[in-house]
>>> print(open('upload_25.txt').read())   # compact mmCIF, C-alpha atoms
# COMPACT_ATOMS: atom_id res chain seq x y z
CA MET A 57 184.88 23.94 108.63
CA GLY A 58 184.50 23.20 112.31
CA PHE A 59 183.20 20.06 113.98
CA ASN A 60 179.47 20.64 113.63
CA GLY A 61 176.42 18.80 112.36
CA LEU A 62 177.23 19.36 108.69
CA THR A 63 180.63 17.66 108.75
CA VAL A 64 179.41 14.80 110.94
CA GLY A 65 176.54 14.25 108.52
CA ILE A 66 178.94 14.01 105.57
CA ILE A 67 181.17 11.60 107.51
CA ILE A 68 178.19 9.35 108.27
CA ILE A 69 177.21 9.33 104.58
CA LEU A 70 180.75 8.33 103.62
CA LEU A 71 180.85 5.56 106.23
CA GLY A 72 177.57 4.18 104.96
CA LEU A 73 178.93 4.29 101.43
CA TYR A 74 181.97 2.30 102.56
CA GLY A 75 179.64 -0.29 104.04
CA VAL A 76 177.64 -0.61 100.82
CA LEU A 77 180.81 -1.08 98.79
CA THR A 78 182.55 -3.67 100.94
CA ARG A 79 179.95 -5.86 102.62
CA LYS A 80 178.93 -9.08 100.90
CA ASN A 81 175.85 -9.95 102.91
CA THR A 82 172.73 -8.46 101.35
CA ILE A 83 171.13 -7.56 104.64
CA LYS A 84 174.20 -5.65 105.80
CA MET A 85 174.18 -3.70 102.54
CA VAL A 86 170.56 -2.72 103.13
CA MET A 87 171.35 -1.54 106.63
CA CYS A 88 174.25 0.56 105.35
CA LEU A 89 171.84 2.25 102.93
CA TYR A 90 169.71 3.19 105.92
CA ILE A 91 172.79 4.62 107.64
CA MET A 92 173.33 6.84 104.60
CA SER A 93 169.74 8.04 104.88
CA SER A 94 170.34 8.95 108.52
CA GLY A 95 173.40 10.95 107.52
CA VAL A 96 171.38 12.93 104.97
CA VAL A 97 168.74 13.71 107.60
CA LEU A 98 171.39 14.97 110.04
CA PHE A 99 172.95 17.15 107.35
CA PHE A 100 169.70 18.83 106.39
CA VAL A 101 168.51 19.43 109.94
CA SER A 102 171.86 21.02 110.80
CA LEU A 103 171.52 23.38 107.82
CA GLY A 104 168.76 25.27 109.55
CA TYR A 105 170.59 26.08 112.76
CA VAL A 106 170.63 29.73 113.76
CA THR A 107 173.14 30.79 116.40
CA ASP A 108 171.50 31.37 119.81
CA GLY A 109 168.15 30.22 118.52
CA GLN A 110 165.36 28.52 120.45
CA ALA A 111 163.34 25.50 119.42
CA ALA A 112 160.52 26.23 116.97
CA ILE A 113 157.68 26.16 119.51
CA PHE A 114 155.96 29.40 120.38
CA GLU A 115 156.18 30.46 123.99
CA ASP A 116 155.72 33.81 125.67
CA GLY A 117 158.00 36.44 124.36
CA SER A 118 159.55 36.55 120.93
CA ARG A 119 163.05 35.22 120.64
CA LEU A 120 165.21 34.10 117.80
CA MET A 121 164.00 30.76 116.45
CA VAL A 122 165.70 27.91 114.66
CA ASP A 123 164.68 27.29 111.05
CA PRO A 124 161.64 24.97 111.11
CA LEU A 125 161.40 24.19 107.40
CA PRO A 126 164.16 21.51 107.10
CA GLN A 127 162.77 19.77 110.18
CA ALA A 128 159.33 19.47 108.63
CA ILE A 129 160.74 17.99 105.41
CA MET A 130 163.03 15.56 107.23
CA LEU A 131 160.09 14.13 109.20
CA THR A 132 158.73 12.77 105.96
CA THR A 133 162.18 11.56 104.90
CA ILE A 134 162.71 9.52 108.07
CA VAL A 135 159.43 7.66 107.78
CA ILE A 136 159.89 6.98 104.08
CA GLY A 137 163.44 5.71 104.68
CA LEU A 138 162.19 3.31 107.32
CA VAL A 139 159.42 1.90 105.20
CA ILE A 140 161.59 1.51 102.08
CA THR A 141 164.17 -0.36 104.17
CA SER A 142 161.46 -2.72 105.36
CA LEU A 143 160.37 -3.33 101.77
CA THR A 144 163.95 -4.09 100.72
CA LEU A 145 164.34 -6.48 103.64
CA ALA A 146 161.17 -8.27 102.54
CA LEU A 147 162.71 -8.62 99.07
CA ALA A 148 165.90 -10.00 100.64
CA LEU A 149 163.82 -12.57 102.53
CA ARG A 150 162.20 -13.72 99.29
CA ILE A 151 165.61 -13.95 97.62
CA TYR A 152 166.78 -16.16 100.46
CA GLU A 153 163.75 -18.37 100.08
CA GLU A 154 164.34 -18.72 96.34
CA TYR A 155 168.14 -19.12 96.12
CA LYS A 156 168.99 -20.36 99.66
CA THR A 157 171.78 -17.79 100.09
CA VAL A 158 172.23 -14.09 100.86
CA ASP A 159 175.83 -13.79 99.73
CA VAL A 160 176.17 -11.42 96.78
CA ARG A 161 178.86 -13.40 94.95
CA ASP A 162 176.91 -16.65 95.12
CA LEU A 163 173.84 -14.83 93.85
CA ILE A 164 175.73 -13.50 90.85
CA ASN A 165 177.04 -17.00 90.07
CA LYS A 166 173.60 -18.53 90.43
CA GLN A 167 172.06 -15.94 88.18
CA ASN A 168 174.66 -16.56 85.49
CA ASP A 169 173.62 -20.20 85.24
CA MET B 251 167.14 -19.87 121.87
CA ARG B 252 167.79 -18.19 125.21
CA ARG B 253 164.81 -17.15 127.21
CA ILE B 254 164.27 -13.49 127.94
CA SER B 255 164.96 -12.80 131.59
CA ASN B 256 162.14 -12.49 134.08
CA VAL B 257 162.84 -8.86 134.95
CA VAL B 258 162.43 -7.71 131.34
CA ARG B 259 159.27 -9.74 130.86
CA ILE B 260 157.48 -8.55 133.97
CA PHE B 261 158.49 -4.91 133.52
CA THR B 262 157.39 -4.85 129.89
CA ARG B 263 154.04 -6.40 130.69
CA LYS B 264 153.41 -3.85 133.43
CA LEU B 265 154.67 -0.86 131.43
CA PHE B 266 152.86 -1.69 128.19
CA PRO B 267 149.63 0.35 128.80
CA PHE B 268 151.71 3.37 129.78
CA MET B 269 153.70 3.11 126.56
CA LEU B 270 150.47 3.12 124.56
CA LEU B 271 149.23 6.08 126.61
CA TYR B 272 152.45 7.99 125.98
CA GLY B 273 152.11 7.37 122.26
CA CYS B 274 148.53 8.64 122.26
CA TYR B 275 149.59 11.71 124.27
CA LEU B 276 152.27 12.57 121.74
CA ILE B 277 149.83 12.18 118.86
CA SER B 278 147.06 14.30 120.36
CA HIS B 279 149.26 17.11 121.70
CA GLY B 280 151.21 17.40 118.48
CA HIS B 281 150.41 21.06 117.94
CA LEU B 282 151.27 22.29 121.44
CA SER B 283 154.55 20.58 122.30
CA PRO B 284 157.17 18.59 120.39
CA GLY B 285 155.59 15.52 118.86
CA GLY B 286 152.95 14.96 116.26
CA GLY B 287 151.52 12.20 114.15
CA PHE B 288 154.67 10.40 113.03
CA GLN B 289 156.51 10.48 116.33
CA GLY B 290 153.56 9.25 118.39
CA GLY B 291 152.73 6.64 115.79
CA VAL B 292 156.23 5.18 115.89
CA ILE B 293 156.07 4.93 119.69
CA PHE B 294 152.68 3.25 119.42
CA GLY B 295 154.06 0.70 116.97
CA SER B 296 157.22 0.17 119.01
CA ALA B 297 155.17 -0.68 122.09
CA ILE B 298 153.45 -3.47 120.18
CA ILE B 299 156.80 -4.66 118.78
CA LEU B 300 158.30 -4.75 122.28
CA LEU B 301 155.41 -6.83 123.54
CA GLY B 302 155.89 -9.16 120.57
CA LEU B 303 159.58 -9.60 121.35
CA VAL B 304 158.94 -10.39 124.99
CA GLU B 305 155.88 -12.58 124.86
CA GLY B 306 156.27 -14.30 121.52
CA VAL B 307 154.68 -13.20 118.28
CA LYS B 308 151.93 -15.83 118.37
CA ALA B 309 150.53 -14.68 121.74
CA THR B 310 150.76 -11.02 120.72
CA GLU B 311 148.90 -11.68 117.50
CA LYS B 312 146.03 -13.20 119.46
CA ARG B 313 145.60 -9.94 121.36
CA PHE B 314 146.34 -7.46 118.56
CA GLN B 315 145.04 -9.25 115.52
CA GLU B 316 146.72 -8.59 112.24
CA MET B 317 143.52 -8.16 110.28
CA LEU B 318 142.25 -5.51 112.71
CA LEU B 319 145.47 -3.50 112.54
CA SER B 320 145.54 -3.74 108.77
CA LEU B 321 141.95 -2.53 108.64
CA VAL B 322 142.82 0.50 110.79
CA LYS B 323 145.68 1.32 108.46
CA ASN B 324 143.53 1.14 105.34
CA ILE B 325 140.70 3.16 106.85
CA GLY B 326 143.17 5.80 108.03
CA MET B 327 144.34 6.39 104.48
CA LEU B 328 140.73 6.72 103.33
CA VAL B 329 139.89 9.20 106.11
CA PHE B 330 142.80 11.42 105.12
CA VAL B 331 141.63 11.68 101.52
CA LEU B 332 137.99 12.16 102.53
CA ALA B 333 138.96 14.99 104.88
CA GLY B 334 140.67 16.67 101.97
CA PHE B 335 137.63 16.37 99.75
CA THR B 336 135.33 17.64 102.49
CA GLY B 337 137.45 20.74 102.71
CA MET B 338 137.17 21.17 98.97
CA PHE B 339 133.37 20.90 98.93
CA LEU B 340 132.80 23.22 101.89
CA GLY B 341 135.39 25.90 101.45
CA GLY B 342 137.91 26.58 98.74
CA PHE B 343 140.77 24.24 98.08
CA PHE B 344 141.78 20.66 98.78
CA LEU B 345 142.72 20.06 102.45
CA SER B 346 141.55 23.48 103.56
CA ASP B 347 140.77 24.18 107.19
CA PHE B 348 136.99 24.08 107.65
CA ILE B 349 136.79 23.42 111.39
CA PRO B 350 136.51 26.58 113.53
CA LYS B 351 139.53 27.29 115.69
CA GLY B 352 139.37 27.56 119.46
CA GLU B 353 141.58 29.53 121.79
CA ILE B 354 145.30 29.10 121.30
CA GLY B 355 146.91 26.81 123.82
CA THR B 356 144.23 24.17 124.29
CA VAL B 357 143.90 20.86 122.51
CA PRO B 358 140.90 21.52 120.17
CA SER B 359 142.40 24.76 118.97
CA ALA B 360 144.03 24.06 115.67
CA GLY B 361 141.19 23.07 113.38
CA LEU B 362 141.90 20.23 111.00
CA ILE B 363 145.45 19.68 112.31
CA LEU B 364 144.31 17.63 115.32
CA TYR B 365 142.30 15.17 113.22
CA LEU B 366 145.00 14.80 110.61
CA ASN B 367 147.50 14.11 113.40
CA LEU B 368 145.28 11.38 114.83
CA THR B 369 144.77 9.79 111.43
CA VAL B 370 148.44 9.79 110.50
CA GLY B 371 149.46 8.61 113.97
CA PHE B 372 147.26 5.55 114.01
CA MET B 373 148.10 4.76 110.41
CA VAL B 374 151.85 4.78 111.04
CA GLY B 375 151.57 2.88 114.33
CA THR B 376 149.50 0.02 113.01
CA GLY B 377 151.48 -0.04 109.77
CA ILE B 378 154.74 -0.61 111.63
CA ALA B 379 153.16 -3.38 113.74
CA VAL B 380 151.77 -5.13 110.62
CA VAL B 381 155.18 -4.99 108.90
CA PHE B 382 156.75 -6.48 112.04
CA TYR B 383 154.25 -9.34 112.08
CA ARG B 384 154.89 -10.15 108.44
CA LEU B 385 158.67 -10.00 108.66
CA VAL B 386 158.92 -12.22 111.72
CA ARG B 387 156.32 -14.84 110.91
CA PHE B 388 157.58 -15.49 107.41
CA GLY B 389 158.86 -18.99 106.96
CA SER B 390 157.44 -20.46 110.13
CA ASN B 391 154.74 -23.02 109.58
CA ASP B 392 152.13 -21.83 112.07
CA MET C 91 194.88 -3.74 96.61
CA THR C 92 191.18 -4.51 96.71
CA LYS C 93 191.08 -3.75 100.40
CA VAL C 94 192.68 -0.33 100.01
CA LEU C 95 190.65 0.74 96.98
CA PRO C 96 187.34 1.63 98.76
CA ILE C 97 189.21 3.61 101.43
CA MET C 98 191.13 5.59 98.81
CA LEU C 99 187.92 6.24 96.88
CA LEU C 100 186.19 7.49 100.01
CA LEU C 101 189.09 9.77 100.92
CA ILE C 102 189.09 11.36 97.48
CA LEU C 103 185.30 11.73 97.56
CA GLY C 104 185.43 13.25 101.05
CA PHE C 105 188.09 15.73 99.98
CA PHE C 106 185.99 16.89 97.03
CA ILE C 107 182.81 17.16 99.09
CA PHE C 108 184.43 19.09 101.93
CA SER C 109 186.01 21.57 99.58
CA ALA C 110 182.71 22.13 97.76
CA VAL C 111 180.45 22.66 100.76
CA ASN C 112 180.73 26.35 101.57
CA ILE C 113 178.00 26.98 104.09
CA HIS C 114 178.29 29.39 106.98
CA TYR C 115 177.09 27.41 109.95
CA GLY C 116 174.61 29.42 112.01
CA GLN C 117 173.30 31.82 109.40
CA PRO C 118 169.67 31.56 108.24
CA VAL C 119 169.46 29.97 104.82
CA PHE C 120 165.82 29.88 103.74
CA ASP C 121 163.70 32.98 103.15
CA SER C 122 160.28 31.37 103.52
CA SER C 123 161.01 30.29 107.10
CA LYS C 124 160.70 33.91 108.17
CA TYR C 125 157.11 33.97 106.91
CA TYR C 126 156.32 30.67 108.62
CA ILE C 127 157.63 31.88 111.97
CA ASP C 128 155.90 35.26 111.77
CA HIS C 129 152.47 34.14 110.56
CA GLY C 130 152.30 30.48 111.62
CA VAL C 131 150.35 30.84 114.84
CA ALA C 132 147.85 33.33 113.41
CA ASP C 133 147.07 31.31 110.29
CA THR C 134 146.72 27.81 111.71
CA GLY C 135 146.40 28.18 115.46
CA ALA C 136 149.06 25.61 116.32
CA LEU C 137 151.84 26.61 118.70
CA ASN C 138 154.23 24.06 117.21
CA ILE C 139 155.50 25.69 114.03
CA VAL C 140 156.86 22.45 112.54
CA THR C 141 153.37 20.91 112.82
CA SER C 142 151.75 23.96 111.27
CA ILE C 143 154.17 23.62 108.34
CA TYR C 144 153.70 19.96 107.52
CA LEU C 145 149.97 19.78 108.29
CA GLY C 146 148.87 23.36 107.65
CA TYR C 147 150.73 25.03 104.84
CA ARG C 148 152.09 21.90 103.15
CA ALA C 149 149.52 19.24 103.91
CA TYR C 150 149.65 17.90 100.36
CA ASP C 151 153.20 16.65 100.88
CA THR C 152 152.01 14.80 103.98
CA LEU C 153 149.31 13.19 101.85
CA GLY C 154 152.01 12.03 99.44
CA GLU C 155 154.06 10.64 102.30
CA ALA C 156 151.05 8.78 103.69
CA THR C 157 150.49 7.30 100.23
CA VAL C 158 154.11 6.08 100.02
CA PHE C 159 153.82 4.58 103.50
CA PHE C 160 150.56 2.86 102.63
CA ALA C 161 151.92 1.48 99.35
CA ALA C 162 155.11 0.13 100.91
CA ALA C 163 153.31 -1.48 103.86
CA LEU C 164 150.89 -3.05 101.37
CA GLY C 165 153.90 -4.27 99.38
CA VAL C 166 155.43 -5.96 102.42
CA PHE C 167 152.04 -7.41 103.30
CA MET C 168 151.67 -9.00 99.89
CA LEU C 169 155.29 -10.09 99.33
CA LEU C 170 155.46 -12.21 102.45
CA ARG C 171 152.39 -14.35 102.27
CA ARG C 172 152.50 -17.88 103.59
CA SER C 173 151.29 -20.69 101.42
CA GLY C 174 147.58 -21.24 101.61
CA GLU C 175 146.58 -17.62 102.05
CA GLY C 176 145.02 -16.89 98.71
CA GLU C 177 148.27 -17.00 96.78
CA ARG C 178 147.34 -19.14 93.81
CA ASP C 179 144.08 -18.55 92.03
>>> encode(input="upload_25.txt", output="structure tokens")
Amino acid sequence: MGFNGLTVGIIIILLGLYGVLTRKNTIKMVMCLYIMSSGVVLFFVSLGYVTDGQAAIFEDGSRLMVDPLPQAIMLTTIVIGLVITSLTLALALRIYEEYKTVDVRDLINKQND
Amino acid sequence: MRRISNVVRIFTRKLFPFMLLYGCYLISHGHLSPGGGFQGGVIFGSAIILLGLVEGVKATEKRFQEMLLSLVKNIGMLVFVLAGFTGMFLGGFFLSDFIPKGEIGTVPSAGLILYLNLTVGFMVGTGIAVVFYRLVRFGSND
Amino acid sequence: MTKVLPIMLLLILGFFIFSAVNIHYGQPVFDSSKYYIDHGVADTGALNIVTSIYLGYRAYDTLGEATVFFAAALGVFMLLRRSGEGERD
């Protein structure tokens, strides 16, 4: 269990989870969700590493290549994470326009009324 | 609000066409070097966002109008689906490769991949710019 | 107590995750990647193997991703309309 991309990815996911649990501002919670998505991307791209491998672009001569399949899937994941974050931020803007606050505790109190 | 310093403003205005050119290079050479549709599209959108941060969103929207960018995004989605159906009517399956391949190593060499890259690149770039316009201009009365 | 509780929860969760992940770093994991590397250039003609995967072999997933992108950008476009832009019919 050395200090490689897999462990750093798990640490980033756990840090993002800490942020979602403790922050009270809605916008900070949304940003911590995006940090968790970045951690997942790092974990999956590091899964496909082959020792002494080259990048997955064909040049002259055949050498050992890194696994290209997780990279292709994570491309889609990055773009989808970005656009879902923007949609959630738009929702947070509408909540602010409606209730005049972005604090989670005040929102719960206002919804209970 | 503090004004953006003169150095940043002048440099960004002078570097803006080169940023767009770099984005288009990444999109069109996606099958020969690292890059592709999504990466070049994000750089394209980020260039427009940077210009919007430096010059003010109102002036940027006069040059890159929101309706035009939104139209490019919608038409890009339509072109993707139509390319798939063209492949189905001409060859075998949906999204099959019906364009003849050239020699390996040049730009028009990969068949349908080049056109799909262009479509996805412009769709992502203009989509990010439209989302930026909407998020920033919400709430202001102009 | 409420300040220590998230940290304790994360430490327990991290301990369980690290003892469950048993991956040898540096060994190839997927079997289909061998086929993509061997036959990618001949089938699609693209030198970049990642591009030939997500636009050649698996172009349908890229269509799904473009649909999600289009739907979410349309959602942002329609959530944040200013008053007087065709909101009330």
>>> interface_residues(input="upload_25.txt", of="chain B", to="chain C", cutoff="8 Å", atoms="all atoms listed in the file", output="mmCIF file with C-alpha atoms, in the frame of the given file")
data_model
loop_
_atom_site.group_PDB
_atom_site.id
_atom_site.type_symbol
_atom_site.label_atom_id
_atom_site.label_comp_id
_atom_site.auth_asym_id
_atom_site.auth_seq_id
_atom_site.Cartn_x
_atom_site.Cartn_y
_atom_site.Cartn_z
ATOM 1 C CA GLY B 280 151.210 17.400 118.480
ATOM 2 C CA HIS B 281 150.410 21.060 117.940
ATOM 3 C CA LEU B 282 151.270 22.290 121.440
ATOM 4 C CA SER B 283 154.550 20.580 122.300
ATOM 5 C CA PRO B 284 157.170 18.590 120.390
ATOM 6 C CA GLY B 286 152.950 14.960 116.260
ATOM 7 C CA LYS B 323 145.680 1.320 108.460
ATOM 8 C CA ASN B 324 143.530 1.140 105.340
ATOM 9 C CA MET B 327 144.340 6.390 104.480
ATOM 10 C CA PHE B 330 142.800 11.420 105.120
ATOM 11 C CA VAL B 331 141.630 11.680 101.520
ATOM 12 C CA LEU B 345 142.720 20.060 102.450
ATOM 13 C CA LYS B 351 139.530 27.290 115.690
ATOM 14 C CA ILE B 354 145.300 29.100 121.300
ATOM 15 C CA GLY B 355 146.910 26.810 123.820
ATOM 16 C CA SER B 359 142.400 24.760 118.970
ATOM 17 C CA ALA B 360 144.030 24.060 115.670
ATOM 18 C CA GLY B 361 141.190 23.070 113.380
ATOM 19 C CA ILE B 363 145.450 19.680 112.310
ATOM 20 C CA LEU B 366 145.000 14.800 110.610
ATOM 21 C CA VAL B 370 148.440 9.790 110.500
ATOM 22 C CA VAL B 374 151.850 4.780 111.040
ATOM 23 C CA GLY B 377 151.480 -0.040 109.770
ATOM 24 C CA ILE B 378 154.740 -0.610 111.630
ATOM 25 C CA VAL B 380 151.770 -5.130 110.620
ATOM 26 C CA VAL B 381 155.180 -4.990 108.900
ATOM 27 C CA ARG B 384 154.890 -10.150 108.440
ATOM 28 C CA LEU B 385 158.670 -10.000 108.660
ATOM 29 C CA PHE B 388 157.580 -15.490 107.410
ATOM 30 C CA GLY B 389 158.860 -18.990 106.960
#
>>> atom_distance(input="upload_25.txt", atom1="CA of Ile107 (chain C)", atom2="CA of Val86 (chain A)")
23.7 Å
>>> atom_distance(input="upload_25.txt", atom1="CA of Lys124 (chain C)", atom2="CA of Thr133 (chain A)")
22.6 Å
>>> atom_distance(input="upload_25.txt", atom1="CA of Thr78 (chain A)", atom2="CA of Asp159 (chain A)")
12.2 Å
>>> closest_atom_pairs(input="upload_25.txt", of="chain A", to="chain B", cutoff="8 Å", atoms="only C-alpha atoms", output="tab-separated table")
residue	atom	partner	partner_atom	distance
A:Ile113	CA	B:Ser283	CA	7.0
A:Leu131	CA	B:Phe288	CA	7.6
A:Val135	CA	B:Phe288	CA	7.6
A:Ser142	CA	B:Val381	CA	7.6
A:Ala146	CA	B:Leu385	CA	6.8
>>> residues_around(input="upload_25.txt", residues="Thr63 (chain A)", least_positions_apart="5", cutoff="10 Å", atoms="only C-alpha atoms", output="PyMOL selection string")
(chain A and resi 57-58+68-69+95+98-99+102) or (chain C and resi 107-108+111)
>>> residues_near_point(input="upload_25.txt", point="(172.4, 26.0, 112.1)", cutoff="7 Å", atoms="all atoms listed in the file", output="PyMOL selection string")
(chain A and resi 102-107) or (chain C and resi 115-117)
>>> closest_atom_pairs(input="upload_25.txt", of="chain A", to="chain C", cutoff="10 Å", atoms="only C-alpha atoms", output="CSV")
residue,atom,partner,partner_atom,distance
A:Met57,CA,C:Phe108,CA,8.3
A:Gly58,CA,C:Tyr115,CA,8.8
A:Asn60,CA,C:Tyr115,CA,8.1
A:Gly61,CA,C:Tyr115,CA,9.0
A:Leu62,CA,C:Tyr115,CA,8.1
A:Thr63,CA,C:Phe108,CA,7.9
A:Ile66,CA,C:Gly104,CA,7.9
A:Ile67,CA,C:Gly104,CA,7.9
A:Ile69,CA,C:Gly104,CA,9.8
A:Leu70,CA,C:Leu100,CA,6.6
A:Leu71,CA,C:Leu100,CA,8.4
A:Leu73,CA,C:Leu100,CA,8.1
A:Tyr74,CA,C:Pro96,CA,6.6
A:Gly75,CA,C:Pro96,CA,9.5
A:Leu77,CA,C:Pro96,CA,7.1
A:Thr78,CA,C:Pro96,CA,7.5
A:Ser102,CA,C:Tyr115,CA,8.3
A:Leu103,CA,C:Tyr115,CA,7.2
A:Gly104,CA,C:Pro118,CA,6.5
A:Tyr105,CA,C:Gly116,CA,5.3
A:Val106,CA,C:Gly116,CA,4.4
A:Thr107,CA,C:Gly116,CA,4.8
A:Asp108,CA,C:Gly116,CA,8.6
A:Gly109,CA,C:Gly116,CA,9.2
A:Ala111,CA,C:Asn138,CA,9.5
A:Ala112,CA,C:Ile139,CA,5.8
A:Ile113,CA,C:Asn138,CA,4.6
A:Phe114,CA,C:Leu137,CA,5.3
A:Glu115,CA,C:Leu137,CA,7.9
A:Ser118,CA,C:Asp128,CA,9.9
A:Leu120,CA,C:Ile127,CA,9.8
A:Met121,CA,C:Ile127,CA,7.9
A:Val122,CA,C:Pro118,CA,8.4
A:Asp123,CA,C:Ser123,CA,6.2
A:Pro124,CA,C:Val140,CA,5.6
A:Leu125,CA,C:Ser123,CA,6.1
A:Pro126,CA,C:Val140,CA,9.2
A:Gln127,CA,C:Val140,CA,6.9
A:Ala128,CA,C:Val140,CA,5.5
A:Ile129,CA,C:Tyr144,CA,7.6
A:Leu131,CA,C:Tyr144,CA,8.8
A:Thr132,CA,C:Glu155,CA,6.3
A:Thr133,CA,C:Glu155,CA,8.6
A:Val135,CA,C:Phe159,CA,7.7
A:Ile136,CA,C:Phe159,CA,6.6
A:Gly137,CA,C:Phe159,CA,9.8
A:Leu138,CA,C:Phe159,CA,9.3
A:Val139,CA,C:Ala162,CA,6.3
A:Ile140,CA,C:Ala162,CA,6.7
A:Thr141,CA,C:Ala162,CA,9.6
A:Ser142,CA,C:Val166,CA,7.4
A:Leu143,CA,C:Val166,CA,5.6
A:Thr144,CA,C:Val166,CA,8.9
A:Leu145,CA,C:Val166,CA,9.0
A:Ala146,CA,C:Val166,CA,6.2
A:Leu147,CA,C:Leu169,CA,7.6
A:Leu149,CA,C:Leu170,CA,8.4
A:Arg150,CA,C:Leu170,CA,7.6
>>> write_last_selection(input="upload_25.txt", atoms="C-alpha atoms", output="JSON list (two decimals), keeping the file's coordinate frame")
[["chain", "number", "residue", "atom", "x", "y", "z"],
["A", 57, "MET", "CA", 184.88, 23.94, 108.63],
["A", 58, "GLY", "CA", 184.50, 23.20, 112.31],
["A", 60, "ASN", "CA", 179.47, 20.64, 113.63],
["A", 61, "GLY", "CA", 176.42, 18.80, 112.36],
["A", 62, "LEU", "CA", 177.23, 19.36, 108.69],
["A", 63, "THR", "CA", 180.63, 17.66, 108.75],
["A", 66, "ILE", "CA", 178.94, 14.01, 105.57],
["A", 67, "ILE", "CA", 181.17, 11.60, 107.51],
["A", 69, "ILE", "CA", 177.21, 9.33, 104.58],
["A", 70, "LEU", "CA", 180.75, 8.33, 103.62],
["A", 71, "LEU", "CA", 180.85, 5.56, 106.23],
["A", 73, "LEU", "CA", 178.93, 4.29, 101.43],
["A", 74, "TYR", "CA", 181.97, 2.30, 102.56],
["A", 75, "GLY", "CA", 179.64, -0.29, 104.04],
["A", 77, "LEU", "CA", 180.81, -1.08, 98.79],
["A", 78, "THR", "CA", 182.55, -3.67, 100.94],
["A", 102, "SER", "CA", 171.86, 21.02, 110.80],
["A", 103, "LEU", "CA", 171.52, 23.38, 107.82],
["A", 104, "GLY", "CA", 168.76, 25.27, 109.55],
["A", 105, "TYR", "CA", 170.59, 26.08, 112.76],
["A", 106, "VAL", "CA", 170.63, 29.73, 113.76],
["A", 107, "THR", "CA", 173.14, 30.79, 116.40],
["A", 108, "ASP", "CA", 171.50, 31.37, 119.81],
["A", 109, "GLY", "CA", 168.15, 30.22, 118.52],
["A", 111, "ALA", "CA", 163.34, 25.50, 119.42],
["A", 112, "ALA", "CA", 160.52, 26.23, 116.97],
["A", 113, "ILE", "CA", 157.68, 26.16, 119.51],
["A", 114, "PHE", "CA", 155.96, 29.40, 120.38],
["A", 115, "GLU", "CA", 156.18, 30.46, 123.99],
["A", 118, "SER", "CA", 159.55, 36.55, 120.93],
["A", 120, "LEU", "CA", 165.21, 34.10, 117.80],
["A", 121, "MET", "CA", 164.00, 30.76, 116.45],
["A", 122, "VAL", "CA", 165.70, 27.91, 114.66],
["A", 123, "ASP", "CA", 164.68, 27.29, 111.05],
["A", 124, "PRO", "CA", 161.64, 24.97, 111.11],
["A", 125, "LEU", "CA", 161.40, 24.19, 107.40],
["A", 126, "PRO", "CA", 164.16, 21.51, 107.10],
["A", 127, "GLN", "CA", 162.77, 19.77, 110.18],
["A", 128, "ALA", "CA", 159.33, 19.47, 108.63],
["A", 129, "ILE", "CA", 160.74, 17.99, 105.41],
["A", 131, "LEU", "CA", 160.09, 14.13, 109.20],
["A", 132, "THR", "CA", 158.73, 12.77, 105.96],
["A", 133, "THR", "CA", 162.18, 11.56, 104.90],
["A", 135, "VAL", "CA", 159.43, 7.66, 107.78],
["A", 136, "ILE", "CA", 159.89, 6.98, 104.08],
["A", 137, "GLY", "CA", 163.44, 5.71, 104.68],
["A", 138, "LEU", "CA", 162.19, 3.31, 107.32],
["A", 139, "VAL", "CA", 159.42, 1.90, 105.20],
["A", 140, "ILE", "CA", 161.59, 1.51, 102.08],
["A", 141, "THR", "CA", 164.17, -0.36, 104.17],
["A", 142, "SER", "CA", 161.46, -2.72, 105.36],
["A", 143, "LEU", "CA", 160.37, -3.33, 101.77],
["A", 144, "THR", "CA", 163.95, -4.09, 100.72],
["A", 145, "LEU", "CA", 164.34, -6.48, 103.64],
["A", 146, "ALA", "CA", 161.17, -8.27, 102.54],
["A", 147, "LEU", "CA", 162.71, -8.62, 99.07],
["A", 149, "LEU", "CA", 163.82, -12.57, 102.53],
["A", 150, "ARG", "CA", 162.20, -13.72, 99.29]]
>>> axis_aligned_box(input="upload_25.txt", around="region 360-363 of chain B", padding_each_side="4 Å", output="JSON")
{"center_x": 143.3, "center_y": 21.9, "center_z": 113.3, "size_x": 12.3, "size_y": 12.4, "size_z": 12.7}
>>> closest_residue(input="upload_25.txt", among="B:Leu318, B:Leu271, B:Leu300, B:Ala333", to="Tyr365 (chain B)", atoms="only C-alpha atoms")
B:Ala333
>>> residues_near_point(input="upload_25.txt", point="(176.3, -10.9, 97.8)", cutoff="7 Å", atoms="only C-alpha atoms", output="list in words")
Lys80, Asn81, Thr82, Val158, Asp159, Val160, Arg161, Asp162 and Leu163 of chain A
>>> residues_around(input="upload_25.txt", residues="Arg263 (chain B)", least_positions_apart="6", cutoff="9 Å", atoms="only C-alpha atoms", output="list in words")
Leu301, Val304 and Glu305 of chain B
